[in-house]
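> Got a file for you: structure.txt, compact mmCIF, C-alpha atoms.
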# COMPACT_ATOMS: atom_id res chain seq x y z
CA MET G 1 -28.59 -15.54 36.77
CA THR G 2 -26.29 -14.13 34.10
CA VAL G 3 -24.79 -10.73 33.35
CA ASP G 4 -23.52 -10.36 29.79
CA LEU G 5 -22.07 -7.32 28.10
CA LEU G 6 -22.36 -6.08 24.54
CA LEU G 7 -20.16 -3.32 23.14
CA GLY G 8 -18.63 -1.90 19.97
CA LEU G 9 -15.01 -2.60 19.06
CA GLN G 10 -14.33 0.18 16.56
CA TRP G 11 -15.17 3.92 16.44
CA GLY G 12 -18.88 3.35 17.00
CA ASP G 13 -21.69 2.76 14.51
CA GLU G 14 -20.97 -0.98 14.47
CA GLY G 15 -24.62 -2.07 14.63
CA LYS G 16 -24.99 -2.69 18.37
CA GLY G 17 -28.66 -1.71 18.42
CA LYS G 18 -29.62 -4.44 15.98
CA ILE G 19 -27.75 -7.14 17.91
CA VAL G 20 -29.23 -6.05 21.24
CA ASP G 21 -32.64 -6.23 19.59
CA VAL G 22 -31.87 -9.74 18.27
CA LEU G 23 -30.60 -10.95 21.67
CA THR G 24 -33.20 -9.22 23.84
CA SER G 25 -35.57 -12.18 24.06
CA GLN G 26 -32.86 -14.03 26.01
CA TYR G 27 -32.69 -11.42 28.81
CA ASP G 28 -34.96 -10.04 31.51
CA ILE G 29 -33.19 -6.67 31.77
CA ILE G 30 -31.42 -4.48 29.18
CA ALA G 31 -29.27 -1.76 30.77
CA ARG G 32 -27.47 1.17 29.09
CA PHE G 33 -24.29 2.03 30.99
CA GLN G 34 -22.68 5.12 29.39
CA GLY G 35 -22.95 7.81 26.74
CA GLY G 36 -25.83 10.07 25.93
CA PRO G 37 -27.92 11.34 23.02
CA ASN G 38 -24.82 11.52 20.81
CA ALA G 39 -25.12 7.74 20.44
CA GLY G 40 -27.77 6.56 18.00
CA HIS G 41 -28.76 2.89 17.98
CA THR G 42 -30.66 1.92 14.84
CA LEU G 43 -33.12 -0.99 14.79
CA GLU G 44 -35.00 -2.14 11.72
CA PHE G 45 -37.86 -4.60 11.60
CA ASP G 46 -41.20 -4.94 9.81
CA GLY G 47 -39.93 -2.45 7.25
CA ILE G 48 -39.60 0.36 9.81
CA LYS G 49 -36.35 1.98 10.95
CA HIS G 50 -36.13 3.08 14.59
CA VAL G 51 -33.36 5.29 15.96
CA LEU G 52 -32.89 5.26 19.75
CA ARG G 53 -30.57 7.74 21.47
CA THR G 54 -30.84 7.21 25.22
CA ILE G 55 -33.42 4.46 25.60
CA PRO G 56 -32.03 0.88 25.62
CA SER G 57 -32.54 -1.17 22.46
CA GLY G 58 -34.77 -3.73 24.17
CA ILE G 59 -37.69 -1.33 24.47
CA PHE G 60 -39.66 -2.93 21.61
CA HIS G 61 -39.81 -6.33 23.29
CA GLN G 62 -42.70 -6.96 25.66
CA ASN G 63 -41.17 -8.98 28.44
CA ASN G 64 -38.12 -7.11 29.64
CA ILE G 65 -37.17 -4.10 31.72
CA ASN G 66 -34.99 -1.36 30.23
CA ILE G 67 -32.69 0.59 32.55
CA ILE G 68 -30.82 3.83 31.91
CA GLY G 69 -27.83 3.50 34.21
CA ASN G 70 -25.90 6.00 36.29
CA GLY G 71 -23.12 6.26 33.70
CA VAL G 72 -25.50 7.70 31.09
CA VAL G 73 -26.05 11.45 30.66
CA ILE G 74 -29.62 12.46 29.82
CA ASP G 75 -30.86 15.48 27.91
CA PRO G 76 -34.50 15.78 29.06
CA VAL G 77 -35.51 17.61 25.85
CA VAL G 78 -34.03 14.98 23.53
CA PHE G 79 -35.39 12.26 25.81
CA LYS G 80 -38.92 13.72 25.62
CA SER G 81 -38.67 13.76 21.83
CA GLU G 82 -37.58 10.13 21.86
CA ILE G 83 -40.50 9.18 24.12
CA ASP G 84 -42.95 11.09 21.91
CA GLY G 85 -41.63 9.20 18.88
CA LEU G 86 -42.46 5.89 20.55
CA ALA G 87 -46.04 6.86 21.42
CA LYS G 88 -47.50 5.34 18.25
CA PHE G 89 -46.19 1.89 19.20
CA ASN G 90 -48.31 1.70 22.38
CA LEU G 91 -45.40 0.64 24.58
CA ASP G 92 -45.94 0.52 28.34
CA LEU G 93 -43.00 2.80 29.10
CA GLN G 94 -44.08 3.45 32.70
CA SER G 95 -43.44 -0.20 33.58
CA LYS G 96 -40.73 -1.05 31.00
CA LEU G 97 -38.38 1.93 31.33
CA ILE G 98 -36.65 3.00 34.54
CA ILE G 99 -33.86 5.50 35.22
CA SER G 100 -31.01 5.62 37.71
CA ARG G 101 -31.18 8.56 40.09
CA LYS G 102 -27.42 8.89 39.71
CA ALA G 103 -27.55 9.56 35.94
CA HIS G 104 -26.44 13.12 35.18
CA LEU G 105 -28.59 15.71 33.42
CA ILE G 106 -27.56 17.65 30.31
CA LEU G 107 -28.61 21.27 30.74
CA PRO G 108 -29.27 23.69 27.85
CA THR G 109 -26.12 25.54 28.88
CA HIS G 110 -24.09 22.34 28.54
CA ARG G 111 -24.98 22.31 24.84
CA LEU G 112 -24.07 25.99 24.52
CA LEU G 113 -20.76 25.38 26.27
CA ASP G 114 -20.06 22.53 23.87
CA ALA G 115 -20.65 24.80 20.88
CA ALA G 116 -18.55 27.62 22.34
CA SER G 117 -15.65 25.31 23.16
CA GLU G 118 -15.65 23.66 19.73
CA THR G 119 -15.91 27.01 17.92
CA ALA G 120 -12.99 28.39 19.93
CA LYS G 121 -10.80 25.46 18.86
CA GLY G 122 -11.03 26.45 15.20
CA LYS G 123 -9.09 24.05 13.01
CA ALA G 124 -8.10 22.02 16.08
CA LYS G 125 -11.71 20.99 16.79
CA ILE G 126 -12.23 17.35 17.81
CA GLY G 127 -15.49 16.75 15.96
CA SER G 128 -17.89 17.04 18.89
CA THR G 129 -21.53 16.21 18.17
CA LEU G 130 -22.41 19.42 20.11
CA LYS G 131 -24.94 17.55 22.27
CA GLY G 132 -23.43 18.81 25.54
CA ILE G 133 -21.98 15.42 26.44
CA GLY G 134 -18.42 16.56 27.20
CA PRO G 135 -19.36 19.53 29.40
CA THR G 136 -21.83 17.33 31.32
CA TYR G 137 -19.17 14.72 32.08
CA MET G 138 -16.80 17.57 33.02
CA ASP G 139 -19.32 18.78 35.59
CA LYS G 140 -19.70 15.19 36.80
CA THR G 141 -15.97 14.76 37.43
CA GLY G 142 -15.75 18.34 38.71
CA ARG G 143 -18.48 17.53 41.25
CA ASN G 144 -20.78 20.27 40.00
CA GLY G 145 -23.34 18.22 38.06
CA LEU G 146 -27.05 17.82 38.48
CA ARG G 147 -28.44 14.29 38.58
CA VAL G 148 -31.85 12.75 37.94
CA GLY G 149 -32.35 12.32 41.68
CA ASP G 150 -31.98 16.08 42.16
CA ILE G 151 -35.27 16.54 40.29
CA GLU G 152 -37.01 15.09 43.36
CA LEU G 153 -35.48 17.72 45.68
CA ALA G 154 -37.35 20.88 46.71
CA ASP G 155 -34.50 23.18 45.70
CA PHE G 156 -33.89 21.70 42.24
CA LYS G 157 -34.57 24.97 40.40
CA GLU G 158 -32.16 26.85 42.67
CA ARG G 159 -29.49 24.23 42.01
CA TYR G 160 -30.19 24.52 38.29
CA ARG G 161 -29.90 28.32 38.35
CA ALA G 162 -26.56 28.28 40.15
CA LEU G 163 -25.03 25.87 37.62
CA ALA G 164 -26.55 27.58 34.57
CA ASP G 165 -25.23 30.97 35.73
CA LYS G 166 -21.77 29.46 36.10
CA HIS G 167 -22.02 28.08 32.58
CA GLU G 168 -23.00 31.47 31.12
CA ALA G 169 -19.90 33.02 32.66
CA MET G 170 -17.80 30.27 31.05
CA ILE G 171 -19.44 30.84 27.65
CA ALA G 172 -18.57 34.54 27.88
CA PHE G 173 -14.96 33.58 28.65
CA TYR G 174 -14.63 31.78 25.29
CA ASP G 175 -15.31 35.09 23.53
CA VAL G 176 -16.98 33.53 20.48
CA ASN G 177 -20.18 34.54 18.72
CA ILE G 178 -22.75 32.04 20.03
CA GLN G 179 -26.33 33.26 19.56
CA TYR G 180 -28.94 31.82 21.91
CA ASN G 181 -32.15 32.56 23.78
CA LEU G 182 -31.69 30.91 27.18
CA PRO G 183 -35.18 31.64 28.60
CA GLU G 184 -36.69 29.87 25.60
CA LEU G 185 -34.32 26.92 25.99
CA GLU G 186 -35.07 26.75 29.72
CA LYS G 187 -38.83 26.73 29.14
CA GLU G 188 -38.42 23.68 26.90
CA PHE G 189 -36.05 22.09 29.43
CA PHE G 190 -38.38 22.38 32.42
CA GLU G 191 -41.36 21.13 30.41
CA ALA G 192 -39.30 18.06 29.54
CA ILE G 193 -38.34 17.65 33.20
CA GLU G 194 -42.04 17.34 34.05
CA ASP G 195 -42.38 14.56 31.47
CA LEU G 196 -39.29 12.83 32.88
CA LYS G 197 -40.95 12.76 36.30
CA LYS G 198 -43.66 10.46 34.92
CA LEU G 199 -41.14 7.60 34.76
CA SER G 200 -39.74 5.63 37.68
CA PHE G 201 -36.41 6.64 39.20
CA ILE G 202 -34.43 3.93 40.97
CA ASP G 203 -31.24 3.31 42.89
CA SER G 204 -30.03 1.21 39.99
CA GLU G 205 -27.07 -0.50 41.66
CA GLU G 206 -29.41 -1.87 44.36
CA TYR G 207 -32.08 -2.76 41.78
CA LEU G 208 -29.56 -4.74 39.72
CA ALA G 209 -28.08 -6.42 42.79
CA GLN G 210 -31.53 -7.66 43.80
CA ALA G 211 -32.26 -8.74 40.23
CA GLN G 212 -29.12 -10.88 40.25
CA LYS G 213 -30.13 -12.48 43.54
CA LYS G 214 -33.50 -13.34 41.98
CA GLY G 215 -31.78 -15.05 39.05
CA LYS G 216 -32.66 -12.43 36.45
CA SER G 217 -30.59 -12.28 33.27
CA ILE G 218 -29.07 -8.90 32.41
CA LEU G 219 -27.58 -7.57 29.17
CA CYS G 220 -25.43 -4.45 29.56
CA GLU G 221 -25.64 -2.34 26.40
CA GLY G 222 -22.72 -0.12 25.45
CA ALA G 223 -22.86 2.93 23.21
CA GLN G 224 -20.30 4.26 20.71
CA GLY G 225 -17.11 2.15 20.37
CA SER G 226 -14.01 1.03 22.23
CA LEU G 227 -11.67 3.20 20.15
CA LEU G 228 -13.61 6.23 21.43
CA ASP G 229 -12.97 5.36 25.09
CA VAL G 230 -11.69 8.38 27.02
CA ASP G 231 -8.79 6.34 28.42
CA PHE G 232 -8.06 3.77 25.73
CA GLY G 233 -9.31 5.43 22.55
CA THR G 234 -7.54 7.67 20.03
CA TYR G 235 -7.30 10.60 22.45
CA PRO G 236 -8.19 13.47 22.21
CA PHE G 237 -10.53 12.40 19.40
CA VAL G 238 -12.66 10.38 21.80
CA THR G 239 -15.90 10.61 23.72
CA SER G 240 -16.08 11.63 27.39
CA SER G 241 -16.94 8.27 28.95
CA ASN G 242 -15.58 4.75 29.25
CA THR G 243 -16.99 2.80 26.32
CA THR G 244 -15.07 -0.36 27.21
CA ALA G 245 -16.11 -3.25 29.47
CA ALA G 246 -14.93 -1.40 32.57
CA GLY G 247 -17.59 1.23 31.87
CA ALA G 248 -20.32 -1.33 32.48
CA CYS G 249 -19.10 -1.79 36.03
CA THR G 250 -18.85 1.92 36.84
CA GLY G 251 -21.91 2.83 34.77
CA LEU G 252 -24.24 0.32 36.42
CA GLY G 253 -22.65 -0.70 39.71
CA ILE G 254 -22.17 -4.32 38.61
CA ALA G 255 -19.10 -6.10 39.99
CA PRO G 256 -16.51 -7.25 37.39
CA ASN G 257 -16.67 -10.88 38.54
CA LYS G 258 -20.40 -11.01 37.74
CA ILE G 259 -19.89 -10.47 33.99
CA LYS G 260 -19.88 -13.69 31.97
CA GLU G 261 -20.02 -13.23 28.20
CA VAL G 262 -18.57 -10.14 26.50
CA TYR G 263 -20.04 -9.75 23.02
CA GLY G 264 -17.89 -7.63 20.72
CA ILE G 265 -19.52 -6.04 17.67
CA PHE G 266 -17.52 -4.96 14.63
CA LYS G 267 -18.16 -4.09 11.00
CA ALA G 268 -16.65 -6.19 8.22
CA TYR G 269 -14.85 -2.96 7.31
CA THR G 270 -14.14 0.18 9.36
CA THR G 271 -15.85 3.56 9.66
CA ARG G 272 -15.29 6.71 11.64
CA VAL G 273 -17.30 9.93 12.09
CA GLY G 274 -15.63 13.27 12.68
CA SER G 275 -11.98 14.06 13.23
CA GLY G 276 -9.18 11.78 14.37
CA PRO G 277 -6.67 9.26 13.01
CA PHE G 278 -7.88 6.40 10.82
CA PRO G 279 -4.97 4.34 9.39
CA THR G 280 -7.05 2.20 7.00
CA GLU G 281 -9.26 4.98 5.63
CA ASP G 282 -9.77 4.61 1.88
CA PHE G 283 -10.05 7.88 -0.04
CA GLY G 284 -10.73 6.22 -3.38
CA ALA G 285 -13.46 4.24 -5.10
CA ALA G 286 -13.48 1.46 -2.48
CA GLY G 287 -14.23 3.87 0.37
CA ASP G 288 -16.93 5.57 -1.69
CA MET G 289 -18.52 2.20 -2.51
CA MET G 290 -18.58 1.19 1.18
CA ALA G 291 -20.17 4.51 2.12
CA LYS G 292 -22.82 4.33 -0.58
CA THR G 293 -23.71 0.64 -0.18
CA GLY G 294 -23.58 0.78 3.61
CA ASN G 295 -25.57 4.02 3.81
CA GLU G 296 -22.84 5.37 6.05
CA PHE G 297 -24.39 8.43 7.59
CA GLY G 298 -24.70 9.02 11.35
CA SER G 299 -28.11 7.97 12.71
CA VAL G 300 -28.17 10.98 15.06
CA THR G 301 -25.92 13.59 13.44
CA GLY G 302 -26.49 12.72 9.78
CA ARG G 303 -22.76 13.24 9.21
CA LYS G 304 -21.09 11.19 6.49
CA ARG G 305 -18.88 8.45 7.89
CA ARG G 306 -15.32 7.98 6.72
CA CYS G 307 -14.82 4.43 5.40
CA GLY G 308 -11.90 2.05 5.04
CA TRP G 309 -10.66 -1.50 5.31
CA LEU G 310 -10.81 -3.73 8.37
CA ASP G 311 -8.01 -2.96 10.82
CA LEU G 312 -7.07 -6.15 12.70
CA VAL G 313 -4.41 -4.37 14.76
CA ALA G 314 -7.06 -2.08 16.25
CA LEU G 315 -9.60 -4.90 16.49
CA LYS G 316 -7.21 -7.15 18.45
CA TYR G 317 -6.49 -4.24 20.78
CA ALA G 318 -10.19 -3.70 21.46
CA ILE G 319 -10.74 -7.43 22.02
CA GLN G 320 -7.85 -7.50 24.49
CA ILE G 321 -8.88 -4.55 26.66
CA ASN G 322 -12.50 -5.73 26.81
CA GLY G 323 -11.95 -9.46 27.37
CA VAL G 324 -14.24 -10.26 24.43
CA THR G 325 -15.51 -13.85 24.40
CA GLN G 326 -17.68 -13.79 21.26
CA LEU G 327 -17.66 -11.67 18.10
CA MET G 328 -20.49 -10.45 15.90
CA MET G 329 -19.59 -9.24 12.40
CA MET G 330 -21.93 -6.65 10.93
CA LYS G 331 -22.56 -5.44 7.37
CA ALA G 332 -20.92 -8.35 5.59
CA ASP G 333 -23.36 -7.62 2.76
CA VAL G 334 -21.72 -4.23 2.12
CA LEU G 335 -18.52 -5.94 0.92
CA SER G 336 -20.32 -7.88 -1.83
CA GLY G 337 -19.02 -6.79 -5.22
CA PHE G 338 -15.36 -6.32 -4.34
CA ASP G 339 -12.98 -8.54 -6.33
CA THR G 340 -10.29 -8.15 -3.67
CA LEU G 341 -10.53 -7.26 0.02
CA LYS G 342 -7.72 -5.68 2.00
CA VAL G 343 -7.19 -6.37 5.71
CA CYS G 344 -4.65 -4.49 7.83
CA THR G 345 -2.61 -7.09 9.75
CA ALA G 346 0.28 -4.91 10.99
CA TYR G 347 1.56 -1.32 11.09
CA ASN G 348 4.77 0.19 9.86
CA TYR G 349 5.37 2.43 12.88
CA LYS G 350 8.23 4.87 12.42
CA GLY G 351 10.04 2.34 10.24
CA GLU G 352 9.35 -0.69 12.46
CA VAL G 353 6.76 -3.41 11.81
CA ILE G 354 4.50 -3.76 14.85
CA HIS G 355 1.35 -5.77 15.59
CA HIS G 356 -0.06 -3.73 18.50
CA LEU G 357 -1.79 -0.35 18.71
CA PRO G 358 0.85 2.26 19.62
CA TYR G 359 0.39 5.48 21.59
CA ASN G 360 -0.03 7.54 18.44
CA ILE G 361 -1.57 6.31 15.17
CA GLU G 362 -1.52 9.59 13.25
CA GLU G 363 -0.67 9.13 9.57
CA GLU G 364 2.82 10.61 9.94
CA ASN G 365 3.69 7.75 12.31
CA VAL G 366 1.68 4.80 11.01
CA THR G 367 1.31 3.11 7.63
CA PRO G 368 -1.00 0.06 7.46
CA ILE G 369 0.40 -3.21 6.15
CA TYR G 370 -2.28 -5.10 4.23
CA THR G 371 -3.05 -8.72 3.41
CA GLU G 372 -5.26 -9.18 0.35
CA LEU G 373 -8.11 -11.72 0.31
CA ARG G 374 -10.49 -12.86 -2.39
CA GLY G 375 -13.81 -11.02 -2.49
CA TRP G 376 -17.29 -12.26 -3.43
CA GLN G 377 -20.02 -11.06 -5.78
CA ALA G 378 -23.12 -12.73 -4.33
CA ASP G 379 -25.94 -10.72 -2.79
CA LEU G 380 -26.03 -11.86 0.84
CA THR G 381 -29.19 -10.07 1.95
CA GLY G 382 -31.52 -13.01 1.29
CA MET G 383 -29.29 -15.70 2.76
CA THR G 384 -30.46 -17.38 5.96
CA SER G 385 -27.80 -19.96 6.89
CA TYR G 386 -24.04 -20.03 7.30
CA ASP G 387 -23.75 -22.88 4.81
CA SER G 388 -25.29 -20.73 2.08
CA LEU G 389 -22.65 -17.98 2.37
CA PRO G 390 -20.02 -17.69 -0.37
CA LEU G 391 -16.78 -19.58 0.25
CA ALA G 392 -14.77 -16.35 0.00
CA LEU G 393 -16.81 -14.84 2.86
CA LYS G 394 -16.27 -17.94 4.99
CA ASP G 395 -12.53 -17.65 4.26
CA TYR G 396 -12.68 -13.98 5.30
CA ILE G 397 -14.42 -14.91 8.57
CA GLU G 398 -11.96 -17.71 9.34
CA PHE G 399 -9.00 -15.43 8.57
CA ILE G 400 -10.27 -12.92 11.12
CA GLU G 401 -10.93 -15.63 13.72
CA ARG G 402 -7.38 -16.99 13.40
CA ALA G 403 -5.90 -13.51 13.65
CA VAL G 404 -7.79 -12.41 16.78
CA GLY G 405 -8.29 -15.76 18.53
CA VAL G 406 -12.00 -15.25 19.24
CA PRO G 407 -14.92 -16.94 17.39
CA ILE G 408 -17.39 -15.01 15.24
CA LYS G 409 -20.81 -16.24 16.35
CA ILE G 410 -23.11 -13.94 14.36
CA VAL G 411 -22.84 -12.61 10.80
CA SER G 412 -25.23 -9.81 9.81
CA VAL G 413 -26.23 -9.67 6.13
CA GLY G 414 -28.69 -6.77 6.22
CA PRO G 415 -30.29 -4.16 8.51
CA ASP G 416 -33.42 -6.13 9.44
CA ARG G 417 -33.36 -8.27 12.57
CA LYS G 418 -34.25 -11.28 10.37
CA GLN G 419 -31.06 -10.77 8.30
CA THR G 420 -28.93 -12.30 11.03
CA ILE G 421 -27.04 -15.57 10.59
CA MET G 422 -26.02 -17.59 13.63
CA LYS G 423 -22.75 -19.42 13.10
So, in terms of structure tokens, how does the structure I just supplied come out?

Amino acid sequence: MTVDLLLGLQWGDEGKGKIVDVLTSQYDIIARFQGGPNAGHTLEFDGIKHVLRTIPSGIFHQNNINIIGNGVVIDPVVFKSEIDGLAKFNLDLQSKLIISRKAHLILPTHRLLDAASETAKGKAKIGSTLKGIGPTYMDKTGRNGLRVGDIELADFKERYRALADKHEAMIAFYDVNIQYNLPELEKEFFEAIEDLKKLSFIDSEEYLAQAQKKGKSILCEGAQGSLLDVDFGTYPFVTSSNTTAAGACTGLGIAPNKIKEVYGIFKAYTTRVGSGPFPTEDFGAAGDMMAKTGNEFGSVTGRKRRCGWLDLVALKYAIQINGVTQLMMMKADVLSGFDTLKVCTAYNYKGEVIHHLPYNIEEENVTPIYTELRGWQADLTGMTSYDSLPLALKDYIEFIERAVGVPIKIVSVGPDRKQTIMK
């Protein structure tokens, strides 16, 4: 029996989906523990790109169970679309995909509330994906939410109506011009609810406890990134859930002392979507080259990602709060072609050199201090062994390992699952 955890160490988009897909054959159960349809996990194999939003990244493998845990929020309409998109692959979803009864539901009015709230903020907006995630988690903590298990109750529609009416009153309070046709949205919502009922609902904490007793191996799959954690991220430019290791415990009901390996995923550089501080953002040719070569556009939102150099101060922070035991470096191939690479190794924080992530990393307080390393020109995408990698890349990897004190076990050199080098 083993319970391992895989999560992102930056602002999301690190490539977690690919690594889960690569590791899946080693596990009996893949379990998502937080986030919602704002998180897109991209897998690529056999020349086909797959984008998953709510469904765990192990769904394409035959011999494992995929669980959507209680910490996840589910939009039935988006979920139905995701299921429909998988139909052509002839997957046995009824037996492979199960959902926690305690997972909360995103209502159409949650999405409308999200849009109203973000519009009302004006220039102070936080860059919400407008998927209704924040309002759904607000209802969860406010003890108003509807959960998957409520679908099985006789008075579900009455419960829905009471909450939706409350939301409409809140939308009116914002006094912004949000155009919508709620009856039409509700028709689509309840049709999707009927499709959701075709899958198995479980008491996931009990299911996982029994699986551990039976010696099953479990991989907990995180969404987004550690620097978006509602407690430990760059607040308020964060998501509404705990994206760190602690979120796996609360989002699945797994005890902390059961977790063995913590796999931390990071890009060889740094990206961020939406608003918020980003000390190593590059506004020049280097940032443009990373964005173009790395195809840095959100898999769900399509928004262009901001790009910059690797930030070891932030990376060490994420490793520390998660207890990371192994690292996986993604998109090393994107840095091919740079003569010189810059790595942030410290901050100048209000005139003082510091090596930890402070309370506020806005640009008026923080200036990155860089170390320059030699770049490489070789195309990495066809390389299949660590020995074949350019010496400059190996130096880059070893520099990072020394700085953070954790080994890099996997180096990704392309989007396909086969473009993965074990170190």
> Excluding same-chain residues fewer than 4 positions from G:Val404, what lies within 8 Å of it counting all atoms listed in the file, as a list of chain:residue names?
G:Leu312, G:Leu315, G:Lys316, G:Ile319, G:Ile400
> So how far away is atom CA of G:Asp416 from atom CA of G:Phe60, in Å?
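For atom CA of G:Phe60 relative to atom CA of G:Asp416, the distance reads 14.0 Å.
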> For each of G:Thr280, G:Gln224, G:Thr340, G:Thr136, take the minimum atom-to-atom distance to G:Leu7, counting all atoms listed in the file, then give the residue where this is smallest.
G:Gln224
> If you measure from atom CA of G:Gly251 to atom CA of G:Gly69, what distance in Å do you get, rounded to one decimal?
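Calculated distance between atom CA of G:Gly251 and atom CA of G:Gly69 is 6.0 Å.
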> Write out as a PyMOL selection string the residues lying within 8 Å of G:Met383, counting all atoms listed in the file and excluding same-chain residues fewer than 4 positions away.
chain G and resi 388-389+413+419
> Could you dump the residues just selected with C-alpha atoms as a PDB file, keeping the file's coordinate frame?

ATOM      1  CA  SER G 388     -25.290 -20.730   2.080  1.00  0.00           C
ATOM      2  CA  LEU G 389     -22.650 -17.980   2.370  1.00  0.00           C
ATOM      3  CA  VAL G 413     -26.230  -9.670   6.130  1.00  0.00           C
ATOM      4  CA  GLN G 419     -31.060 -10.770   8.300  1.00  0.00           C
TER       5      GLN G 419
END
> Residues at most 10 Å from stretch 85-88 of chain G, counting only C-alpha atoms, excluding those fewer than 3 positions away in the same chain, as a PyMOL selection string?
chain G and resi 50-52+59-60+79-82+91-93
